[in-house]
Every structure is written in structure tokens, then in C-alpha cells.
$ cat coords-v6.pdb   # PDB, C-alpha atoms
ATOM      1  CA  MET A 275      -4.047 -45.388 -23.876
ATOM      2  CA  LEU A 276      -4.659 -43.114 -20.874
ATOM      3  CA  LEU A 277      -2.491 -45.290 -18.632
ATOM      4  CA  GLU A 278       0.380 -45.308 -21.118
ATOM      5  CA  ALA A 279       0.127 -41.540 -21.589
ATOM      6  CA  ARG A 280       0.218 -40.993 -17.829
ATOM      7  CA  LEU A 281       3.196 -43.262 -17.178
ATOM      8  CA  ALA A 282       5.167 -41.724 -20.052
ATOM      9  CA  VAL A 283       5.576 -38.372 -18.298
ATOM     10  CA  PRO A 284       7.414 -37.640 -15.041
ATOM     11  CA  PRO A 285       5.475 -36.317 -12.055
ATOM     12  CA  SER A 286       6.287 -32.887 -10.705
ATOM     13  CA  MET A 287       5.022 -30.069  -8.526
ATOM     14  CA  TYR A 288       2.777 -27.489 -10.120
ATOM     15  CA  ARG A 289       1.788 -23.994  -9.048
ATOM     16  CA  ILE A 290      -1.691 -22.918 -10.109
ATOM     17  CA  ALA A 291      -0.932 -19.849 -12.206
ATOM     18  CA  SER A 292      -4.468 -19.006 -13.352
ATOM     19  CA  VAL A 293      -7.966 -20.482 -13.363
ATOM     20  CA  ARG A 294     -10.843 -20.305 -15.822
ATOM     21  CA  ARG A 295     -13.740 -21.364 -13.643
ATOM     22  CA  GLY A 296     -15.584 -24.409 -14.920
ATOM     23  CA  HIS A 297     -13.093 -25.015 -17.729
ATOM     24  CA  THR A 298      -9.308 -25.065 -17.438
ATOM     25  CA  VAL A 299      -6.380 -24.451 -15.112
ATOM     26  CA  VAL A 300      -2.928 -23.163 -16.110
ATOM     27  CA  LEU A 301      -0.190 -24.959 -14.174
ATOM     28  CA  GLU A 302       3.436 -23.887 -13.841
ATOM     29  CA  ASP A 303       5.960 -26.682 -13.316
ATOM     30  CA  VAL A 304       8.073 -25.374 -10.436
ATOM     31  CA  ILE A 305      10.684 -28.144 -10.745
ATOM     32  CA  ARG A 306      11.109 -28.550 -14.507
ATOM     33  CA  GLY A 307       9.890 -25.168 -15.723
ATOM     34  CA  GLY A 308       7.251 -24.218 -18.253
ATOM     35  CA  THR A 309       3.470 -23.858 -18.092
ATOM     36  CA  VAL A 310       0.646 -26.022 -19.365
ATOM     37  CA  GLU A 311      -3.126 -25.661 -19.555
ATOM     38  CA  VAL A 312      -5.149 -28.662 -18.389
ATOM     39  CA  HIS A 313      -8.836 -29.406 -18.905
ATOM     40  CA  ASP A 314     -10.295 -30.098 -15.482
ATOM     41  CA  ARG A 315     -13.685 -28.667 -14.618
ATOM     42  CA  SER A 316     -13.793 -29.881 -11.010
ATOM     43  CA  LEU A 317     -10.260 -28.662 -10.263
ATOM     44  CA  SER A 318     -10.964 -25.259 -11.819
ATOM     45  CA  GLU A 319     -14.002 -24.808  -9.567
ATOM     46  CA  SER A 320     -12.301 -25.859  -6.332
ATOM     47  CA  THR A 321      -8.878 -24.233  -6.307
ATOM     48  CA  GLY A 322      -7.181 -20.858  -6.498
ATOM     49  CA  THR A 323      -3.938 -19.297  -7.641
ATOM     50  CA  ASP A 324      -0.718 -19.718  -5.652
ATOM     51  CA  MET A 325      -1.719 -23.188  -4.465
ATOM     52  CA  CYS A 326       0.550 -26.065  -5.490
ATOM     53  CA  LEU A 327      -0.237 -29.662  -6.346
ATOM     54  CA  SER A 328       1.908 -32.731  -6.960
ATOM     55  CA  GLY A 329       0.982 -34.928  -9.882
ATOM     56  CA  ARG A 330       1.286 -35.767 -13.557
ATOM     57  CA  VAL A 331       0.114 -33.750 -16.567
ATOM     58  CA  PHE A 332      -0.481 -35.969 -19.590
ATOM     59  CA  GLN A 333      -2.103 -35.539 -22.978
ATOM     60  CA  ALA A 334      -4.668 -37.750 -24.670
ATOM     61  CA  GLY A 335      -5.836 -36.547 -28.051
ATOM     62  CA  ALA A 336      -6.541 -32.825 -27.919
ATOM     63  CA  PHE A 337      -6.964 -32.779 -24.148
ATOM     64  CA  ARG A 338      -4.528 -32.515 -21.255
ATOM     65  CA  PHE A 339      -5.347 -34.132 -17.939
ATOM     66  CA  PHE A 340      -3.919 -33.877 -14.430
ATOM     67  CA  THR A 341      -3.700 -36.653 -11.831
ATOM     68  CA  ILE A 342      -3.009 -35.650  -8.240
ATOM     69  CA  MET A 343      -0.291 -37.517  -6.343
ATOM     70  CA  GLY A 344       0.039 -35.447  -3.177
ATOM     71  CA  PRO A 345      -1.687 -32.922  -0.909
ATOM     72  CA  ALA A 346      -2.510 -29.367  -1.876
ATOM     73  CA  LEU A 347       0.128 -27.005  -0.457
ATOM     74  CA  HIS A 348       0.622 -23.281  -0.431
ATOM     75  CA  CYS A 349       3.378 -22.236  -2.799
ATOM     76  CA  MET A 350       5.493 -20.982   0.123
ATOM     77  CA  GLN A 351       5.656 -24.575   1.425
ATOM     78  CA  ILE A 352       7.076 -25.970  -1.805
ATOM     79  CA  PRO A 353      10.820 -25.341  -1.237
ATOM     80  CA  GLN A 354      10.627 -27.243   2.064
ATOM     81  CA  ALA A 355       8.461 -29.979   0.532
ATOM     82  CA  VAL A 356      10.972 -30.466  -2.302
ATOM     83  CA  SER A 357      13.779 -30.633   0.268
ATOM     84  CA  GLU A 358      11.870 -33.365   2.132
ATOM     85  CA  LEU A 359      11.479 -35.370  -1.096
ATOM     86  CA  GLU A 360      15.193 -35.049  -1.825
ATOM     87  CA  LYS A 361      15.927 -36.386   1.668
ATOM     88  CA  GLU A 362      13.775 -39.394   0.741
ATOM     89  CA  GLY A 363      16.002 -39.973  -2.300
ATOM     90  CA  LEU A 364      14.136 -38.142  -5.075
ATOM     91  CA  GLU A 365      16.356 -36.819  -7.894
ATOM     92  CA  LEU A 366      15.047 -33.710  -9.656
ATOM     93  CA  THR A 367      15.652 -34.972 -13.181
ATOM     94  CA  ASP A 368      13.077 -36.363 -15.597
ATOM     95  CA  GLU A 369      14.341 -39.907 -15.040
ATOM     96  CA  GLY A 370      14.693 -39.387 -11.297
ATOM     97  CA  LEU A 371      11.146 -38.040 -11.039
ATOM     98  CA  LYS A 372       9.803 -41.079 -12.911
ATOM     99  CA  GLU A 373      11.719 -43.584 -10.793
ATOM    100  CA  GLY A 374      10.833 -41.805  -7.557
ATOM    101  CA  ALA A 375       7.171 -41.178  -8.363
ATOM    102  CA  HIS A 376       6.102 -43.231  -5.334
ATOM    103  CA  LEU A 377       7.896 -40.774  -3.028
ATOM    104  CA  PHE A 378       5.345 -38.051  -3.744
ATOM    105  CA  GLY A 379       2.820 -40.029  -1.699
ATOM    106  CA  ARG A 380       4.905 -39.402   1.405
ATOM    107  CA  LEU A 381       4.005 -35.730   1.214
ATOM    108  CA  TRP A 382       0.603 -36.596   2.699
ATOM    109  CA  ARG A 383       2.289 -37.640   5.935
ATOM    110  CA  TRP A 384       4.633 -34.647   5.818
ATOM    111  CA  ALA A 385       1.749 -32.194   5.242
ATOM    112  CA  ASP A 386      -0.180 -33.798   8.110
ATOM    113  CA  SER A 387       2.788 -33.328  10.439
ATOM    114  CA  GLN A 388       3.019 -29.677   9.399
ATOM    115  CA  GLY A 389      -0.625 -29.164  10.241
ATOM    116  CA  ARG A 390      -0.277 -30.694  13.724
ATOM    117  CA  ARG A 391       2.918 -28.842  14.591
ATOM    118  CA  ALA A 392       2.406 -25.966  16.965
ATOM    119  CA  VAL A 393       3.668 -22.840  15.277
ATOM    120  CA  ALA A 394       4.600 -19.787  17.312
ATOM    121  CA  PRO A 395       3.282 -16.470  15.994
ATOM    122  CA  PRO A 396       5.846 -14.846  13.693
ATOM    123  CA  ASN A 397       7.818 -11.894  14.969
ATOM    124  CA  LEU A 398       6.644  -9.082  12.731
ATOM    125  CA  THR A 399       8.481  -5.770  12.681
ATOM    126  CA  ASN A 400       7.935  -2.452  10.993
ATOM    127  CA  THR A 401      10.397  -0.911   8.548
ATOM    128  CA  ASP A 402      12.584   0.287  11.427
ATOM    129  CA  GLY A 403      12.916  -3.253  12.799
ATOM    130  CA  GLU A 404      10.637  -2.517  15.781
ATOM    131  CA  PRO A 405       8.085  -5.125  16.984
ATOM    132  CA  ILE A 406       4.607  -4.454  15.615
ATOM    133  CA  LEU A 407       2.256  -3.206  18.349
ATOM    134  CA  LEU A 408      -0.591  -0.967  17.221
ATOM    135  CA  HIS A 409      -1.017   2.212  19.278
ATOM    136  CA  ALA A 410      -4.036   4.533  19.224
ATOM    137  CA  ALA A 411      -3.314   7.513  21.484
ATOM    138  CA  ALA A 412      -5.637  10.410  22.312
ATOM    139  CA  PHE A 413      -4.402  13.939  23.109
ATOM    140  CA  SER A 414      -6.649  16.787  24.248
ATOM    141  CA  VAL A 415      -6.467  19.997  22.202
ATOM    142  CA  SER A 416      -7.312  23.315  23.879
ATOM    143  CA  ASP A 417      -5.894  25.544  21.120
ATOM    144  CA  GLU A 418      -6.736  24.191  17.673
ATOM    145  CA  ALA A 419      -5.133  27.122  15.870
ATOM    146  CA  ALA A 420      -1.811  26.523  17.660
ATOM    147  CA  LEU A 421      -1.981  22.834  16.792
ATOM    148  CA  ARG A 422      -2.605  23.472  13.082
ATOM    149  CA  SER A 423       0.140  26.086  12.965
ATOM    150  CA  ALA A 424       2.662  23.772  14.650
ATOM    151  CA  LEU A 425       1.836  20.854  12.356
ATOM    152  CA  ALA A 426       2.075  23.084   9.273
ATOM    153  CA  ARG A 427       5.627  24.072  10.268
ATOM    154  CA  ARG A 428       6.845  20.487  10.631
ATOM    155  CA  PRO A 429       8.626  19.165   7.497
ATOM    156  CA  ASP A 430       7.746  15.570   8.447
ATOM    157  CA  VAL A 431       3.968  16.150   8.653
ATOM    158  CA  GLU A 432       1.659  16.612   5.652
ATOM    159  CA  ALA A 433      -2.059  17.496   5.811
ATOM    160  CA  ASP A 434      -4.677  15.797   3.643
ATOM    161  CA  GLU A 435      -7.177  17.648   1.440
ATOM    162  CA  ASP A 436      -9.773  18.010   4.238
ATOM    163  CA  GLY A 437      -7.221  19.434   6.636
ATOM    164  CA  ASP A 438      -8.244  17.309   9.638
ATOM    165  CA  LYS A 439      -5.854  14.432   8.983
ATOM    166  CA  TRP A 440      -2.072  14.454   8.770
ATOM    167  CA  THR A 441       0.524  11.916   7.656
ATOM    168  CA  TRP A 442       3.711  11.662   9.696
ATOM    169  CA  SER A 443       6.634  10.478   7.543
ATOM    170  CA  ILE A 444      10.329  11.083   6.948
ATOM    171  CA  GLU A 445      12.477  11.437   3.857
ATOM    172  CA  GLY A 446      14.382   8.228   3.144
ATOM    173  CA  GLY A 447      14.645   5.740   5.996
ATOM    174  CA  ARG A 448      14.673   1.937   5.890
ATOM    175  CA  GLY A 449      11.085   1.809   4.647
ATOM    176  CA  ALA A 450      11.925   3.905   1.600
ATOM    177  CA  VAL A 451      14.065   1.065   0.233
ATOM    178  CA  THR A 452      10.966  -0.871  -0.808
ATOM    179  CA  LEU A 453       8.077   1.545  -0.338
ATOM    180  CA  GLY A 454       9.157   4.684  -2.162
ATOM    181  CA  ASP A 455      10.955   7.904  -1.335
ATOM    182  CA  ARG A 456       9.553   8.322   2.187
ATOM    183  CA  THR A 457       8.992   6.110   5.233
ATOM    184  CA  HIS A 458       5.464   6.306   6.659
ATOM    185  CA  LEU A 459       5.536   6.599  10.468
ATOM    186  CA  GLY A 460       1.958   7.273  11.542
ATOM    187  CA  MET A 461      -1.342   9.124  11.143
ATOM    188  CA  LEU A 462      -2.914  12.033  13.046
ATOM    189  CA  ASN A 463      -6.670  12.652  13.048
ATOM    190  CA  LEU A 464      -8.372  15.697  14.613
ATOM    191  CA  ILE A 465     -11.723  14.675  16.100
ATOM    192  CA  GLY A 466     -13.535  17.411  18.005
ATOM    193  CA  ASP A 467     -11.248  18.641  20.785
ATOM    194  CA  GLU A 468      -8.912  15.610  20.505
ATOM    195  CA  ILE A 469      -6.199  14.560  18.132
ATOM    196  CA  VAL A 470      -5.724  10.806  17.712
ATOM    197  CA  LEU A 471      -2.326   9.358  16.858
ATOM    198  CA  ASP A 472      -2.079   5.938  15.142
ATOM    199  CA  VAL A 473       1.346   4.251  14.957
ATOM    200  CA  ASN A 474       2.499   0.634  14.812
ATOM    201  CA  SER A 475       5.223   0.427  17.465
ATOM    202  CA  ALA A 476       6.018   1.560  21.006
ATOM    203  CA  ALA A 477       9.124   3.411  19.831
ATOM    204  CA  ARG A 478       7.188   5.473  17.281
ATOM    205  CA  PHE A 479       4.549   6.277  19.918
ATOM    206  CA  ARG A 480       7.221   7.614  22.278
ATOM    207  CA  ARG A 481       8.793   9.727  19.526
ATOM    208  CA  ALA A 482       5.480  11.230  18.433
ATOM    209  CA  ARG A 483       4.291  11.844  21.995
ATOM    210  CA  ALA A 484       7.489  13.753  22.766
ATOM    211  CA  TRP A 485       6.960  16.355  20.022
ATOM    212  CA  LEU A 486       3.162  16.482  20.264
ATOM    213  CA  GLU A 487       3.258  17.419  23.959
ATOM    214  CA  LYS A 488       5.543  20.347  23.120
ATOM    215  CA  ILE A 489       2.738  21.960  21.084
ATOM    216  CA  PRO A 490       0.860  24.566  23.170
ATOM    217  CA  GLY A 491      -2.553  23.292  24.287
ATOM    218  CA  VAL A 492      -1.853  19.584  23.540
ATOM    219  CA  ALA A 493      -1.911  17.136  26.466
ATOM    220  CA  PHE A 494      -1.729  13.348  26.528
ATOM    221  CA  LYS A 495      -4.952  11.602  27.651
ATOM    222  CA  SER A 496      -4.772   7.861  26.981
ATOM    223  CA  VAL A 497      -3.408   5.115  24.714
ATOM    224  CA  ARG A 498      -4.738   1.734  23.613
ATOM    225  CA  THR A 499      -2.539  -1.005  22.166
ATOM    226  CA  ARG A 500      -3.420  -4.058  20.064
ATOM    227  CA  ASP A 501      -1.389  -7.096  19.100
ATOM    228  CA  PHE A 502      -3.262  -8.773  16.228
ATOM    229  CA  LEU A 503      -1.035 -11.848  16.287
ATOM    230  CA  ARG A 504      -1.666 -12.720  19.915
ATOM    231  CA  GLU A 505      -5.067 -11.289  20.769
ATOM    232  CA  ASP A 506      -8.136 -13.522  21.100
ATOM    233  CA  PRO A 507     -10.235 -13.133  17.901
ATOM    234  CA  ALA A 508     -13.369 -13.240  20.091
ATOM    235  CA  GLU A 509     -12.234 -10.032  21.802
ATOM    236  CA  ARG A 510     -11.862  -8.022  18.605
ATOM    237  CA  PRO A 511     -14.395  -5.242  17.898
ATOM    238  CA  LEU A 512     -17.799  -6.518  16.804
ATOM    239  CA  ASP A 513     -17.596  -4.874  13.361
ATOM    240  CA  GLU A 514     -14.341  -6.703  12.622
ATOM    241  CA  ARG A 515     -15.808 -10.057  13.696
ATOM    242  CA  ILE A 516     -19.018  -9.646  11.668
ATOM    243  CA  SER A 517     -17.469  -8.116   8.567
ATOM    244  CA  PRO A 518     -13.679  -8.329   8.482
ATOM    245  CA  PRO A 519     -12.130  -5.407   6.593
ATOM    246  CA  ARG A 520     -11.170  -6.236   3.030
ATOM    247  CA  SER A 521      -8.371  -4.462   1.275
ATOM    248  CA  PRO A 522      -9.650  -2.992  -2.004
ATOM    249  CA  ASP A 523      -7.835  -3.661  -5.249
ATOM    250  CA  PRO A 524      -5.325  -0.924  -6.069
ATOM    251  CA  THR A 525      -6.144   1.621  -8.722
ATOM    252  CA  PRO A 526      -4.326   1.195 -12.071
ATOM    253  CA  GLU A 527      -1.985   4.026 -11.091
ATOM    254  CA  MET A 528      -1.271   2.502  -7.673
ATOM    255  CA  ALA A 529      -0.820  -0.951  -9.236
ATOM    256  CA  LYS A 530       1.804   0.480 -11.590
ATOM    257  CA  VAL A 531       3.713   2.027  -8.675
ATOM    258  CA  LEU A 532       3.496  -1.178  -6.605
ATOM    259  CA  GLN A 533       4.600  -3.244  -9.594
ATOM    260  CA  GLU A 534       7.764  -1.172  -9.991
ATOM    261  CA  HIS A 535       8.516  -1.266  -6.248
ATOM    262  CA  LEU A 536       8.127  -5.058  -6.190
ATOM    263  CA  ARG A 537      10.310  -5.388  -9.275
ATOM    264  CA  ARG A 538      13.129  -3.357  -7.688
ATOM    265  CA  GLN A 539      12.750  -5.193  -4.383
ATOM    266  CA  TYR A 540      13.064  -8.646  -5.959
ATOM    267  CA  LEU A 541      16.005  -7.614  -8.129
ATOM    268  CA  ARG A 542      17.785  -6.585  -4.916
ATOM    269  CA  TRP A 543      16.743  -9.934  -3.416
ATOM    270  CA  LEU A 544      19.053 -11.667  -5.920
ATOM    271  CA  ASP A 545      22.025 -10.356  -3.924
ATOM    272  CA  GLU A 546      20.642 -10.853  -0.402
ATOM    273  CA  SER A 547      21.512 -13.725   1.944
ATOM    274  CA  ILE A 548      18.659 -16.280   1.940
ATOM    275  CA  PRO A 549      18.313 -18.792   4.845
ATOM    276  CA  ALA A 550      16.615 -21.324   2.542
ATOM    277  CA  LEU A 551      19.788 -21.297   0.414
ATOM    278  CA  GLY A 552      22.097 -21.884   3.362
ATOM    279  CA  GLY A 553      22.859 -18.200   3.732
ATOM    280  CA  LEU A 554      23.937 -17.755   0.115
ATOM    281  CA  THR A 555      22.456 -15.124  -2.162
ATOM    282  CA  PRO A 556      20.461 -16.431  -5.138
ATOM    283  CA  ARG A 557      23.239 -15.240  -7.441
ATOM    284  CA  GLU A 558      25.867 -17.127  -5.395
ATOM    285  CA  ALA A 559      23.698 -20.257  -5.161
ATOM    286  CA  CYS A 560      23.403 -20.380  -8.946
ATOM    287  CA  LYS A 561      27.103 -21.280  -9.212
ATOM    288  CA  THR A 562      26.171 -24.946  -8.620
ATOM    289  CA  GLY A 563      23.641 -27.138 -10.381
ATOM    290  CA  GLU A 564      21.799 -27.938  -7.172
ATOM    291  CA  GLY A 565      21.724 -24.279  -6.214
ATOM    292  CA  ARG A 566      20.326 -23.294  -9.605
ATOM    293  CA  LYS A 567      17.483 -25.765  -9.202
ATOM    294  CA  ASN A 568      16.704 -24.498  -5.681
ATOM    295  CA  VAL A 569      16.707 -20.881  -6.833
ATOM    296  CA  GLU A 570      14.393 -21.707  -9.749
ATOM    297  CA  ILE A 571      11.908 -23.298  -7.339
ATOM    298  CA  LEU A 572      12.090 -20.317  -4.979
ATOM    299  CA  ILE A 573      11.408 -17.864  -7.797
ATOM    300  CA  ARG A 574       8.597 -19.875  -9.383
ATOM    301  CA  THR A 575       6.801 -20.179  -6.049
ATOM    302  CA  ILE A 576       6.873 -16.468  -5.163
ATOM    303  CA  PRO A 577       3.234 -15.650  -4.323
ATOM    304  CA  ASN A 578       1.367 -12.528  -5.305
ATOM    305  CA  PRO A 579       1.793 -10.420  -2.122
ATOM    306  CA  MET A 580      -1.584  -8.699  -2.525
ATOM    307  CA  GLY A 581      -3.548 -11.377  -4.356
ATOM    308  CA  SER A 582      -4.559  -8.740  -6.892
ATOM    309  CA  PRO A 583      -4.738  -9.697 -10.591
ATOM    310  CA  MET A 584      -3.632  -6.129 -11.354
ATOM    311  CA  LEU A 585      -0.089  -6.998 -10.257
ATOM    312  CA  ASP A 586       1.861  -8.931 -12.884
ATOM    313  CA  MET A 587       4.092 -11.185 -10.780
ATOM    314  CA  GLU A 588       4.759 -13.459 -13.743
ATOM    315  CA  SER A 589       6.713 -10.755 -15.585
ATOM    316  CA  ILE A 590       8.797 -10.117 -12.444
ATOM    317  CA  LYS A 591       9.586 -13.820 -12.102
ATOM    318  CA  LYS A 592      10.633 -14.045 -15.738
ATOM    319  CA  GLU A 593      12.954 -11.067 -15.266
ATOM    320  CA  LEU A 594      14.514 -12.693 -12.182
ATOM    321  CA  LEU A 595      15.073 -15.979 -14.021
ATOM    322  CA  SER A 596      16.543 -14.145 -16.984
ATOM    323  CA  ALA A 597      18.861 -12.081 -14.760
ATOM    324  CA  LEU A 598      20.301 -15.340 -13.379
ATOM    325  CA  GLY A 599      20.466 -17.093 -16.752
ATOM    326  CA  LEU A 600      17.870 -19.667 -15.731
ATOM    327  CA  GLY A 601      15.485 -21.387 -18.144
ATOM    328  CA  THR A 602      11.994 -20.059 -18.739
ATOM    329  CA  SER A 603      10.760 -22.668 -21.188
ATOM    330  CA  GLU A 604       7.056 -22.450 -21.977
TER     331      GLU A 604
END
$ encode --input "coords-v6.pdb" --output "C-alpha cells"
Amino acid sequence: MLLEARLAVPPSMYRIASVRRGHTVVLEDVIRGGTVEVHDRSLSESTGTDMCLSGRVFQAGAFRFFTIMGPALHCMQIPQAVSELEKEGLELTDEGLKEGAHLFGRLWRWADSQGRRAVAPPNLTNTDGEPILLHAAAFSVSDEAALRSALARRPDVEADEDGDKWTWSIEGGRGAVTLGDRTHLGMLNLIGDEIVLDVNSAARFRRARAWLEKIPGVAFKSVRTRDFLREDPAERPLDERISPPRSPDPTPEMAKVLQEHLRRQYLRWLDESIPALGGLTPREACKTGEGRKNVEILIRTIPNPMGSPMLDMESIKKELLSALGLGTSE
């Protein structure tokens, strides 16, 4: 009975949407759509959200079971993995998935090749398109009153409640498109007779240094730079190696703001050129059947950018699918 139930359903790729430890796992079918809850104690205790598995979900009596047919992948690998299967001849229809079930086994070899491939560090940039390079610069302060007065007069600098820290930001800017009304540029911290500037690019350091040195009594002392992507982890500060910093969950208020920013960002994404879609926008790609399927997979495998359960990515994905007229069968 179990064998017949398993062979009666097509295999697919599933994103782990949620986990109830020791009990069940909710899987989202990223190829065919819809979600299903399976009873698998061992799987629920050994996996996490945003991972993807290939396999079959089948029902026997009141229970649903899952059989794995391929390696565990991160959801961001799924569009490329599906493309590899299509190159092998897999058709993304129910009948095609059944007939090509054996092709899922080839993902083990593909995943192994991905793991062995040397990957160059990504080129990360800030919101101005400048390469990320952390700068911590120290400036001596001989006239604290003149410093505070000069900072108070600047429209792009805002003091915190304690008065010893300032945020350097500008109205609008490229960063404001996704991060709110202002673009954050850097932080200033008064420590004794020094003010420390923290920025994330060489260009921002030069800009800030130029106006800081014009303030009476402020003189440049030194600067340290860090490139997290290319530095040796063994050379990082001891406190980071012993206890890496963990980003706290956002407050409910902050989560609400982030949720709305993400929603607006992804709605704009529908009309942006996407390399994975051959340079087409998601809206343009949806004009063909193949494009619609590719866009559905891309949307269903969008990870939670912060990993926080307080952000409801599922509602954003449903809105994206609905905006494109794509199915959201449950």
C-alpha cells in the first residue's frame, strides 16, 4: 500500500516553510505550488526553514510521509538546480515529473560539484554602489564645544539621546529606495578627547574626513580598515572569534517597518531585469508558459532575509504571485 501510494504521486522540490520540532514539517512545493504538512519526527528535528529537499509526499491513511530523492539545498540554489534537471530532460508537469523521477538522483552529483567549485568572494557594495570596506577613523578633539556646535548646525547629522553619538545621513539617496526616507552614511562617537567615525566605504570616509577637518579643533589621527569577506577569520578580534555577534530579533514596531519596506522592494522587483530570467523582468517573463514557471520558482524560493519569524515573507510571496496572476493553490 505504501509503495503504491508513493508511486502514484509525482516527485518535486519542496521548501521547508515551517517546522514543529519532534512532530511535523510544512513543505511548500516550489514547482507545482501548494503546501502540505508531513509527519516526520526525524526530519523535523534535523532541518530548518528555507532549506529545500527533492522527494515525494504521499499519504497513507491519516498520515503524510516524505521520501527524499536528492540532496538538501538552500532555497537560493533551487532555480539553478531546476535548470540543471531541465537540461537533463525533466519536464515540469505532473506526468513529466513522474517519468523523469530518476533524474532527481543526479542532483547529488551536481550538488557535490557545487561544493568543490572554488567560489570567489562576492563583490558587495553599499547603497551608493561603492565597494564595502569598513573604516574606523579617529580624530583628536581639542575644542569639544566647537565640535558639538558644528555638528548641531549640520542638517545631515543627528545626535542620539545621550548626546555623545551622532548619525550621519542624507535625505533621499539610493539607499532610501529600500531602506526608508533617508540613506544612512555613517556613525560618529565621542570618546574622551577623540571622535571616532565609522563608515563602510573609502569614498564615504573621504567625504566625512573633508568636513570633519574643517571643524575648529578637530584633527585626523588614524584609520583602520577591515574587509570581512577577505580577511583571515583567525585574525579577527578575540571577542568575535569566541562569541560572534548575533543580530537580535527586531521589535514588533521595527518588524512592521521592515515588512513594509520588503513588500515595496519586492513589488518593484517585478519590473526589474533579472539575470536568472535572461535579463527579462518577472512581469515580462510571465508572458510565456516556461517563464511563468521560472518566476513561480523564483518567488517561492525567496528566503527570509533576516531569518526572523516576526517577518511574514509568506504574505509577501502570495502578493507577488497574485500580482502576476500566478497560482497559489494550497
$ resolve_selection --input "coords-v6.pdb" --expression "the PyMOL selection byres ((chain A and resi 492-494) around 7)" --output "number ranges by chain"
A: 412-416, 486-487, 489-491, 495-496
$ closest_residue --input "coords-v6.pdb" --among "A:Gly552, A:Pro429, A:Gly563, A:Gly460" --to "Glu445 in chain A" --atoms "all atoms listed in the file"
A:Pro429
$ atom_distance --input "coords-v6.pdb" --atom1 "CA of Asp314 in chain A" --atom2 "CA of His297 in chain A"
6.2 Å
$ residues_around --input "coords-v6.pdb" --residues "Ser320 in chain A" --least-positions-apart "6" --cutoff "10 Å" --atoms "all atoms listed in the file" --output "short mmCIF file (atom, residue, chain, number, x, y, z; two decimals) with C-alpha atoms, in the coordinates of the input"
data_model
loop_
_atom_site.label_atom_id
_atom_site.label_comp_id
_atom_site.auth_asym_id
_atom_site.auth_seq_id
_atom_site.Cartn_x
_atom_site.Cartn_y
_atom_site.Cartn_z
CA VAL A 293 -7.97 -20.48 -13.36
CA ARG A 295 -13.74 -21.36 -13.64
CA GLY A 296 -15.58 -24.41 -14.92
#
$ residues_around --input "coords-v6.pdb" --residues "Thr555 in chain A" --least-positions-apart "3" --cutoff "8 Å" --atoms "all atoms listed in the file" --output "PyMOL selection string"
chain A and resi 543-548+551+558-559
$ resolve_selection --input "coords-v6.pdb" --expression "the PyMOL selection byres ((chain A and resi 589) around 12)" --output "MDAnalysis selection string"
chainID A and resid 533:534 536:537 540 573:574 576 578 585:588 590:596 602
